[in-house]
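Below is one structure; the comments refer to it alone.
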Amino acid sequence: MRRPLAGLRVIDLGSRVSAPFCAAILGEQGAEIIKIEEPVRGDRLRELGPYAQDDAGEPYSLYWSVEGRGRKSVTLDLRRPEGQEILRSLAAASDVVIESFRPGTLERWSIDPSRLSPHLVTARLSLFGQDGPKSLQVGLNGSALAFSGLMHLTGDPDRPPARPGVNIAGYLTGVFAAQAVTSLLYERDARGTGTGGVIDVFMYGSILRIMEWTIAAHDRLGMVRNRSGDSLDIAAPVGNYPSRDGRYVYLVGGSQTFFERLCRAMDRPDLAGDERFADAAARADNRVEINAIVAEWVSGLDADKAEARLVACDVPAGKIYDVADLAADEHVLARGDICTVQDPVIGPVRQQAPFPRLLGETPAAPSGAPRLGEHTDEVLSGVLGLSGAELADLRADSVI
């Protein structure tokens with residue numbers, strides 16, 4: 001299997017989700033990922049549930065099992081001058097540094113980019129960015145969703161704003177960061193500049209970038225976009241419709257082509273000639289009526305039957321899956337979208353496979369999430385040449 005980033009060494013100084021996920025993406029493309037963790041406690045993800053049990057009956061974070069995989073764990077106290085010196089040496093032998101400390105922290109520790117090698121590409125991930133009035137505020141995924149306006153758009157119009165079910169801001173920020181890292185690496189290596197750079201990656205910015213037409217409509221139309229539930233203000237019929245067997249079917253019939261196909265699937269050719277639904281604008285204006293008609297049709301069928309009818313007519317549609325549906329789906333299984341990772345603590349665990357992939361290749365399962373400090377001696381001796389005695393002294397002094 002091709003590994004485009006083989007030979008690249010990445011230092012992951014992050015915690016929680018966004019920075020480690022950036023590192024994970026690079027690792028799944030072949031980079032060596034060295035995760036620096038605080039001695040004793042480690043990454044905070046190690047403490048978050050849900051939990052399995054290890055051989056001793058102790059709780060073990062499945063969140064960590066997924067997001068800690070594919071990297072080497074090195075414990076290092078970056079608050080200590082000895083730890084800072086080791087970090088500078090490791091960075092000099094690496095290509096990329098990814099960090100998510102509060103802005104100014106690395107400067108206080110004398111390990112900020114200005115004190116590291118200029119060949120490094122450094123991604124600095126935070127909630128609000130490295131400067132600006134809010135730069136020092138703490139916050140996580142929900143803070144970014146609230147500030148960027150996405151949480152305001154999520155949920156039903158007559159209910160409070162809702163938080164999406166997964167850490168969208170953290171993961172999306174990691175994706176943007178990984179793309180920016182590879183761009184700078186290309187400039188450094190392929191163009192031969194030899195100089196890296198510093199990327200300011202802020203969580204609310206990743207959400208802001210995907211807010212569609214929201215800002216443009218506010219600028220030109222004075223529109224303040226609001227929650228619309230599972231329907232859309234600008235297109236209909238669109239939404240989640242309950243089926244006879246208690247499931248939900250999602251479908252899109254907003255465009256003229258899709259609406260005509262939907263009419264065929266429903267055996268309602270008369271709807272295409274109804275002036276209330278004659279074009280996309282008319283359907284948007286009469287979305288309550290057309291959504292009610294579609295809901296009545298879906299409610300008379302089991303979800304499998306409704307999905308089959310819609311798919312046969314090329315309507316974008318499908319049953320809404322839960323994780324049990326997804327994990328058993330024949331398409332997911334055929335494409336290898338779920339892999340088995342050998343976790344060193346709890347053994348084999350089915351997890352989502354690396355993504356994306358090269359065409360025609362099924363990605364190999366990454367190595368399991370390491371035990372805290374599992375690779376400290378290996379990395380510090382192999383990369384920096386520290387002797388057993390030096391490692392013993394650092395460990396006795398609680399630097400590692």
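Going through the structure tokens in order, the chains are called A, B, and so on, while each chain numbers its residues from 1 and the ligands are numbered from 1 in the order shown.
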
Please build the interface table for range 6-113 of chain A against range 364-383 of chain A with a cut-off of 7 Å, listing for each qualifying residue the nearest atom pair and the distance in Å to one decimal; count only C-alpha atoms, order rows by chain and increasing number, and write it as CSV.
```
residue,atom,partner,partner_atom,distance
A:Gly42,CA,A:Leu372,CA,6.4
A:Trp64,CA,A:Ala369,CA,6.9
A:Ser65,CA,A:Ala369,CA,5.2
A:Gly68,CA,A:Ala369,CA,4.5
A:Arg69,CA,A:Ala369,CA,3.6
A:Gly70,CA,A:Ser367,CA,4.7
A:Arg71,CA,A:Ala369,CA,6.9
A:Lys72,CA,A:His375,CA,5.6
A:Ser73,CA,A:Gly373,CA,4.9
A:Val74,CA,A:Thr376,CA,4.2
A:Thr75,CA,A:Gly373,CA,4.9
```

Please produce an output containing all heavy atoms for each residue in the selection, written as a PDB file, in the first residue's frame.
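Once everything was written out, this is again_36.pdb:
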```
ATOM      1  N   GLY A  42      -1.291  12.178  31.194  1.00  0.00           N
ATOM      2  CA  GLY A  42      -1.417  11.985  29.758  1.00  0.00           C
ATOM      3  C   GLY A  42      -2.507  12.834  29.138  1.00  0.00           C
ATOM      4  O   GLY A  42      -3.035  13.772  29.742  1.00  0.00           O
ATOM      5  N   TRP A  64     -10.328   7.316  23.636  1.00  0.00           N
ATOM      6  CA  TRP A  64      -8.879   7.299  23.438  1.00  0.00           C
ATOM      7  C   TRP A  64      -8.471   6.178  22.481  1.00  0.00           C
ATOM      8  O   TRP A  64      -7.578   6.350  21.648  1.00  0.00           O
ATOM      9  CB  TRP A  64      -8.157   7.128  24.770  1.00  0.00           C
ATOM     10  CG  TRP A  64      -6.711   6.779  24.610  1.00  0.00           C
ATOM     11  CD1 TRP A  64      -6.122   5.572  24.816  1.00  0.00           C
ATOM     12  CD2 TRP A  64      -5.674   7.660  24.141  1.00  0.00           C
ATOM     13  NE1 TRP A  64      -4.783   5.632  24.512  1.00  0.00           N
ATOM     14  CE2 TRP A  64      -4.482   6.906  24.110  1.00  0.00           C
ATOM     15  CE3 TRP A  64      -5.633   8.993  23.763  1.00  0.00           C
ATOM     16  CZ2 TRP A  64      -3.258   7.445  23.703  1.00  0.00           C
ATOM     17  CZ3 TRP A  64      -4.424   9.537  23.359  1.00  0.00           C
ATOM     18  CH2 TRP A  64      -3.265   8.772  23.331  1.00  0.00           C
ATOM     19  N   SER A  65      -9.108   5.031  22.578  1.00  0.00           N
ATOM     20  CA  SER A  65      -8.764   3.902  21.719  1.00  0.00           C
ATOM     21  C   SER A  65      -8.882   4.275  20.249  1.00  0.00           C
ATOM     22  O   SER A  65      -8.076   3.840  19.418  1.00  0.00           O
ATOM     23  CB  SER A  65      -9.674   2.706  22.022  1.00  0.00           C
ATOM     24  OG  SER A  65      -9.375   1.601  21.198  1.00  0.00           O
ATOM     25  N   GLY A  68      -6.481   7.971  19.801  1.00  0.00           N
ATOM     26  CA  GLY A  68      -5.062   7.881  20.155  1.00  0.00           C
ATOM     27  C   GLY A  68      -4.283   6.924  19.282  1.00  0.00           C
ATOM     28  O   GLY A  68      -3.067   6.782  19.443  1.00  0.00           O
ATOM     29  N   ARG A  69      -4.951   6.273  18.354  1.00  0.00           N
ATOM     30  CA  ARG A  69      -4.302   5.218  17.574  1.00  0.00           C
ATOM     31  C   ARG A  69      -3.296   5.801  16.581  1.00  0.00           C
ATOM     32  O   ARG A  69      -3.299   6.993  16.278  1.00  0.00           O
ATOM     33  CB  ARG A  69      -5.368   4.415  16.818  1.00  0.00           C
ATOM     34  CG  ARG A  69      -6.026   5.183  15.690  1.00  0.00           C
ATOM     35  CD  ARG A  69      -7.264   4.489  15.171  1.00  0.00           C
ATOM     36  NE  ARG A  69      -7.639   5.025  13.851  1.00  0.00           N
ATOM     37  CZ  ARG A  69      -8.721   4.679  13.185  1.00  0.00           C
ATOM     38  NH1 ARG A  69      -9.572   3.799  13.716  1.00  0.00           N
ATOM     39  NH2 ARG A  69      -8.969   5.192  11.998  1.00  0.00           N
ATOM     40  N   GLY A  70      -2.422   4.920  16.082  1.00  0.00           N
ATOM     41  CA  GLY A  70      -1.532   5.280  14.988  1.00  0.00           C
ATOM     42  C   GLY A  70      -0.399   6.207  15.371  1.00  0.00           C
ATOM     43  O   GLY A  70       0.126   6.914  14.512  1.00  0.00           O
ATOM     44  N   ARG A  71       0.020   6.188  16.637  1.00  0.00           N
ATOM     45  CA  ARG A  71       1.099   7.087  17.047  1.00  0.00           C
ATOM     46  C   ARG A  71       1.898   6.468  18.187  1.00  0.00           C
ATOM     47  O   ARG A  71       1.505   5.476  18.789  1.00  0.00           O
ATOM     48  CB  ARG A  71       0.544   8.448  17.450  1.00  0.00           C
ATOM     49  CG  ARG A  71      -0.336   8.436  18.681  1.00  0.00           C
ATOM     50  CD  ARG A  71      -1.240   9.648  18.719  1.00  0.00           C
ATOM     51  NE  ARG A  71      -2.271   9.541  17.704  1.00  0.00           N
ATOM     52  CZ  ARG A  71      -2.913  10.570  17.184  1.00  0.00           C
ATOM     53  NH1 ARG A  71      -2.630  11.796  17.583  1.00  0.00           N
ATOM     54  NH2 ARG A  71      -3.844  10.401  16.265  1.00  0.00           N
ATOM     55  N   LYS A  72       3.042   7.076  18.474  1.00  0.00           N
ATOM     56  CA  LYS A  72       3.894   6.650  19.571  1.00  0.00           C
ATOM     57  C   LYS A  72       3.726   7.626  20.729  1.00  0.00           C
ATOM     58  O   LYS A  72       3.679   8.832  20.516  1.00  0.00           O
ATOM     59  CB  LYS A  72       5.357   6.611  19.133  1.00  0.00           C
ATOM     60  CG  LYS A  72       5.620   5.650  17.989  1.00  0.00           C
ATOM     61  CD  LYS A  72       7.059   5.749  17.492  1.00  0.00           C
ATOM     62  CE  LYS A  72       7.313   4.773  16.348  1.00  0.00           C
ATOM     63  NZ  LYS A  72       8.692   4.890  15.817  1.00  0.00           N
ATOM     64  N   SER A  73       3.657   7.107  21.939  1.00  0.00           N
ATOM     65  CA  SER A  73       3.470   7.951  23.113  1.00  0.00           C
ATOM     66  C   SER A  73       4.793   8.150  23.837  1.00  0.00           C
ATOM     67  O   SER A  73       5.465   7.189  24.220  1.00  0.00           O
ATOM     68  CB  SER A  73       2.450   7.335  24.073  1.00  0.00           C
ATOM     69  OG  SER A  73       2.388   8.066  25.281  1.00  0.00           O
ATOM     70  N   VAL A  74       5.146   9.421  24.019  1.00  0.00           N
ATOM     71  CA  VAL A  74       6.346   9.798  24.769  1.00  0.00           C
ATOM     72  C   VAL A  74       5.905  10.736  25.888  1.00  0.00           C
ATOM     73  O   VAL A  74       5.250  11.748  25.629  1.00  0.00           O
ATOM     74  CB  VAL A  74       7.370  10.510  23.859  1.00  0.00           C
ATOM     75  CG1 VAL A  74       8.529  11.077  24.680  1.00  0.00           C
ATOM     76  CG2 VAL A  74       7.882   9.560  22.796  1.00  0.00           C
ATOM     77  N   THR A  75       6.236  10.408  27.130  1.00  0.00           N
ATOM     78  CA  THR A  75       5.919  11.311  28.231  1.00  0.00           C
ATOM     79  C   THR A  75       7.055  12.299  28.415  1.00  0.00           C
ATOM     80  O   THR A  75       8.233  11.937  28.400  1.00  0.00           O
ATOM     81  CB  THR A  75       5.687  10.533  29.539  1.00  0.00           C
ATOM     82  OG1 THR A  75       6.787   9.665  29.788  1.00  0.00           O
ATOM     83  CG2 THR A  75       4.400   9.714  29.451  1.00  0.00           C
TER      84      THR A  75
END
```

Find the residues around Leu140 in chain A up to 8 Å (only C-alpha atoms counted), leave out those fewer than 3 positions away in its own chain, and share them as a PDB file with N, CA and C atoms, in the first residue's frame.
```
ATOM      1  N   LEU A 127      -9.055  27.890  20.002  1.00  0.00           N
ATOM      2  CA  LEU A 127     -10.458  28.219  19.790  1.00  0.00           C
ATOM      3  C   LEU A 127     -10.626  29.492  18.960  1.00  0.00           C
ATOM      4  N   SER A 143     -18.141  25.712  22.236  1.00  0.00           N
ATOM      5  CA  SER A 143     -17.840  27.136  22.175  1.00  0.00           C
ATOM      6  C   SER A 143     -17.698  27.599  20.728  1.00  0.00           C
ATOM      7  N   ALA A 144     -17.000  26.795  19.917  1.00  0.00           N
ATOM      8  CA  ALA A 144     -16.825  27.147  18.504  1.00  0.00           C
ATOM      9  C   ALA A 144     -18.149  27.111  17.763  1.00  0.00           C
ATOM     10  N   GLY A 170     -14.046  20.261  16.380  1.00  0.00           N
ATOM     11  CA  GLY A 170     -12.732  19.667  16.603  1.00  0.00           C
ATOM     12  C   GLY A 170     -12.241  18.882  15.410  1.00  0.00           C
TER      13      GLY A 170
END
```

(request) Would you please give, as a ChimeraX atom specification, all residues of range 121-319 of chain A that DSSP assigns to helix (DSSP H, G or I) based on the backbone? (result) /A:141-148,151-153,168-189,203-208,214-221,256-265,269-273,275-277,280-285,287-299,303-312

(request) Provide the CA of Val181 in chain A to CA of Phe147 in chain A distance in Å, to one decimal place. (result) 25.2 Å

(message) I need the residues of range 185-371 of chain A that end up classed as strand (DSSP E) by DSSP on the backbone, written out as a PyMOL selection string.
(response) chain A and resi 197-202+238-242+248-252+317-319+338-343+347-352

(request) Just the residues within 8 Å of Phe258 in chain A, please, counting only C-alpha atoms, with nothing from its chain fewer than 3 positions along; format it as an MDAnalysis selection string. (result) chainID A and resid 252:255 261:262 314:316

(message) Using Å and a single decimal, report how far CA of Asp95 in chain A sits from CA of Leu120 in chain A.
(response) 5.2 Å

(message) One number please: CA of Gly239 in chain A to CA of Ala312 in chain A, in Å, one decimal.
(response)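 Computing the Euclidean distance for CA of Gly239 in chain A and CA of Ala312 in chain A yields 18.8 Å.
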
(message) Just checking: using only C-alpha atoms, which residue out of A:Gly139, A:Gly273, A:Gly27, A:Gly197 ends up closest to Leu184 in chain A?
(response)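 Smallest distance to Leu184 in chain A is found for A:Gly197.
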
Give me the range 69-179 of chain A side of the contact with range 1-14 of chain A, cut-off 8 Å, one line per residue showing its nearest atom pair and distance in Å at one decimal, counting only C-alpha atoms, sorted by chain and residue number, as JSON lines.
```
{"residue": "A:Leu90", "atom": "CA", "partner": "A:Ile11", "partner_atom": "CA", "distance": 7.9}
{"residue": "A:Ala91", "atom": "CA", "partner": "A:Ile11", "partner_atom": "CA", "distance": 7.0}
{"residue": "A:Ala93", "atom": "CA", "partner": "A:Arg9", "partner_atom": "CA", "distance": 7.9}
{"residue": "A:Ser94", "atom": "CA", "partner": "A:Arg9", "partner_atom": "CA", "distance": 4.9}
{"residue": "A:Asp95", "atom": "CA", "partner": "A:Arg9", "partner_atom": "CA", "distance": 5.4}
{"residue": "A:Val96", "atom": "CA", "partner": "A:Val10", "partner_atom": "CA", "distance": 4.6}
{"residue": "A:Val97", "atom": "CA", "partner": "A:Ile11", "partner_atom": "CA", "distance": 4.7}
{"residue": "A:Ile98", "atom": "CA", "partner": "A:Asp12", "partner_atom": "CA", "distance": 5.0}
{"residue": "A:Glu99", "atom": "CA", "partner": "A:Leu13", "partner_atom": "CA", "distance": 4.6}
{"residue": "A:Ser100", "atom": "CA", "partner": "A:Gly14", "partner_atom": "CA", "distance": 4.9}
{"residue": "A:Phe101", "atom": "CA", "partner": "A:Gly14", "partner_atom": "CA", "distance": 7.1}
```
